[in-house]
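**Q** Let me give you the structure first, and then I'll get to my questions.
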Amino acid sequence: MMKKLAIEAATTLFALLALLSVCSPASAAQQPPTLRIALLPIPDVLPVFVAEEKGYFKEAGIRVETFPVGSALERDQLMQAGRIDAMVNEISGTASFNRETVRMKIVAVARAPKGSSPLFRILSSPGSKITTPDQLAGVPIAVSKHTVIEYLTDRLLGDSGLSTKEIVKKSVPVLPERMQLLLSGQIKAATLPDPLAFAAMKAGAHVVMDDTRAPLYSASVLSVSAEAWTGNKQAVGAFVDAWMKAAQDINADPESFRPLMLKKIRVPKNVRQSFVIPPFPVNTVPSRAQWDDVMAWMTEKGILKKPVAYGTSVVTGRFKE
C-alpha cells in the first residue's frame with residue numbers, strides 16, 4: 001500500500017513539474033513576439049496580406065495578428081482600448097492621439113499618390129457640367145469633417161485659386177452614402193478615396209482633380225502604439241521590414257496579387273478587374289513639411305490647441321524623411 005501511494009505521489013509530482021515547465025517564463029520566451037494590427041479593407045494595407053501569404057513575418061521571427069475593422073472609428077477605438085499595437089491611418093489621426101501625450105509613433109508611409117494612382121479624388125456628379133476646380137466655387141462638396149478628406153479638399157482647392165469663403169463643404173461621413181448621393185445627383189460634388197472614387201468615375205462621375213497633383217498633402221501611414229515602440233523596437237522593426245519586402249514584391253508584379261487583393265480588399269464590382277493596383281512607397285516616412293502643414297490646418301480648424309511636435313511622433317532614425 002505504501003509503495004502504491006509513493007508511486008502515485010511521484011506521478012503527481014512529475015505531472016506538476018511538467019505543467020510548470022510548460023507555463024514557465026523560459027517556455028514563454030520561446031514564443032515569437034506578437035504584434036496586433038487593425039486593418040480597414042483598403043488598398044493601403046495590401047502589403048500585410050502579401051507578407052502574411054509569403055511567410056515574411058515568420059521569417060522575421062514575429063507573429064502578426066490581423067483585426068479586420070469596418071470603420072476608422074472602430075480602428076481607433078481598438079487602439080484607445082489597447083487591444084491593438086498598430087494600424088494604417090493618416091498623419092492627422094496620429095496627431096490627434098498625441099495631442100496631450102505621445103501615444104503613437106509613425107514608423108513608415110504606407111501609401112502615397114504616385115503616377116496614375118491617387119489616394120483621393122474630388123468628383124462632380126454625372127449630370128453636372130463641373131469639370132474644373134474654379135467651377136466648384138460656392139458648390140457644397142460632400143466630405144467627412146475634421147478628417148484627411150476635408151484637409152485634402154481645402155488644400156487642393158486652395159492651391160487651385162479658390163478662397164476659403166468659396167470652398168463650401170457638406171458633412172456626409174458615410175462613404176457609400178456619399179457616393180450614392182453623388183451618383184444620383186443629390187449632391188453636385190464629393191471627395192472620395194480610391195477604389196470607391198474610381199468606381200464612381202466608371203459610373204459617370206467627373207474627375208475635377210486628384211491628389212497626384214499635390215502629393216505633399218496626401219499619405220497614409222503605418223502607426224504603432226508608443227508601448228509597442230518602446231517595449232519591443234526589434235519586433236516593430238522586423239514588421240516594417242517585412243512590410244517593405246512585400247511592398248517591393250507588389251511593385252515588381254502588381255497583377256500577380258490581384259486575386260489576393262480581391263479576397264482581402266473591398267473593391268466595387270464594376271472595377272474589380274480594372275482598378276489599377278497602386279505602387280507602394282518603400283522605406284520612407286512623412287517629411288517635416290508634410291507634418292507641419294497638417295498641424296497648421298488642424299490648429300486653424302481648432303482640432304488641436306497647439307501643434308504636435310514632429311520629432312515626438314515620427315520615427316526618423318530608420319528611414320530618410
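Here's how to read the names in the C-alpha cells: chain A, B, ... by the order shown, residue numbers from 1 in each chain, ligand numbers from 1 in the order shown.
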Step one, run DSSP on the backbone; step two, keep only residues of range 23-269 of chain A assigned to helix (DSSP H, G or I); then write them as number ranges by chain.
**A** A: 23, 25-29, 43-54, 56-59, 72-80, 91-97, 133-136, 148-159, 175-183, 196-202, 211-213, 215-217, 226-231, 233-252, 254-264, 269
**Q** Excluding Val236 in chain A and its own-chain neighbours fewer than 3 positions away, which residues fall within 12 Å of it when counting only C-alpha atoms? Please give them as an NGL selection string.
**A** :A and (33-37 or 57 or 60-64 or 85-86 or 105-108 or 222-233 or 239-243 or 315 or 318)
**Q** Neighbours of Asp159 in chain A within 12 Å (only C-alpha atoms; same-chain residues fewer than 5 positions away dropped), as a ChimeraX atom specification?
**A** /A:133-134,152-154,164,167,209,211,213-214,216-217
**Q** Could you please determine the separation between CA of Val45 in chain A and CA of Glu90 in chain A in Å, to one decimal place?
**A**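 Separation of CA of Val45 in chain A and CA of Glu90 in chain A: 12.7 Å.
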**Q** Counting only C-alpha atoms, which of A:Arg272, A:Arg111, A:Gln80, A:Thr131 gets nearest to Phe97 in chain A?
**A**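 Using only C-alpha atoms, Phe97 in chain A sits closest to A:Gln80.
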**Q** Kindly indicate which residue among A:Ala289, A:Ala296, A:Ile141, A:Val208 lies nearest to Lys170 in chain A, using only C-alpha atoms for the distances.
**A** A:Ile141
**Q** Which one of A:Ser116, A:Ser218, A:Asn251, A:Gln273 sits closest to Pro286 in chain A if you count only C-alpha atoms?
**A** A:Ser218
**Q** From the list A:Ser184, A:Ser160, A:Gln248, A:Asn98, which residue is nearest Met295 in chain A when using only C-alpha atoms?
**A** A:Asn98
**Q** Between A:Ala51, A:Leu40, A:Ile149, A:Val109, single out the one closest to Thr316 in chain A, counting only C-alpha atoms.
**A**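 Using only C-alpha atoms, the shortest distance to Thr316 in chain A belongs to A:Val109.
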**Q** In range 79-137 of chain A, what's strand (DSSP E or B) per DSSP? Answer as a list in words?
**A**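 Going through range 79-137 of chain A, the strand (DSSP E or B) residues come out as Ala86, Met87, Val88, Asn89, Glu90, Met104, Lys105, Ile106, Val107, Ala108, Val109, Ala110, Arg111, Lys114, Ser117, Phe120, Arg121, Ile122, Leu123 and Ser124 of chain A.
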**Q** If we count only C-alpha atoms, what is near Lys269 in chain A at a cut-off of 12 Å, once residues fewer than 3 positions away on the same chain are taken out, given as a PDB file with C-alpha atoms, in the first residue's frame?
**A**
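Below is the file result_38.pdb, written as the result:
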```pdb
ATOM      1  CA  PRO A 195     -11.189  52.476 -55.272  1.00  0.00           C
ATOM      2  CA  LEU A 196     -14.616  53.980 -54.447  1.00  0.00           C
ATOM      3  CA  PHE A 198     -12.604  55.066 -59.367  1.00  0.00           C
ATOM      4  CA  ALA A 199     -15.880  53.141 -59.297  1.00  0.00           C
ATOM      5  CA  ALA A 200     -17.830  56.421 -59.224  1.00  0.00           C
ATOM      6  CA  LYS A 202     -16.793  54.424 -64.147  1.00  0.00           C
ATOM      7  CA  ALA A 203     -20.429  55.066 -63.194  1.00  0.00           C
ATOM      8  CA  LEU A 262      -9.901  40.985 -54.325  1.00  0.00           C
ATOM      9  CA  ILE A 265      -9.730  44.417 -50.016  1.00  0.00           C
ATOM     10  CA  ARG A 266     -13.158  45.909 -50.655  1.00  0.00           C
ATOM     11  CA  ARG A 272     -12.737  44.617 -59.710  1.00  0.00           C
ATOM     12  CA  GLN A 273     -10.661  43.865 -62.795  1.00  0.00           C
ATOM     13  CA  SER A 274      -9.915  47.400 -63.995  1.00  0.00           C
ATOM     14  CA  PHE A 275      -8.831  49.108 -60.761  1.00  0.00           C
TER      15      PHE A 275
END
```
**Q** Which residues are near Thr191 in chain A? Cut-off 10 Å, only C-alpha atoms, ignore same chain within fewer than 6 positions. Put them as a list in words.
**A** Phe120, Arg121, Ile122, Leu123, Ser124, Ile141, Ala142, Val143, Ser144, Ile149, Glu150, Leu152, Thr153, Lys169, Leu175, Arg178, Met179, Leu182, Ala197, Val207, Val208, Met209 and Asp210 of chain A
**Q** Would you mind telling me which residue in A:Ser125, A:Thr94, A:Gln186, A:Ser163 lies nearest to Val314 in chain A when using only C-alpha atoms?
**A**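 Result for the nearest residue to Val314 in chain A: A:Thr94.
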**Q** Any idea what the distance is between CA of Met244 in chain A and CA of Thr101 in chain A?
**A**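 Going from CA of Met244 in chain A over to CA of Thr101 in chain A, I get 28.8 Å.
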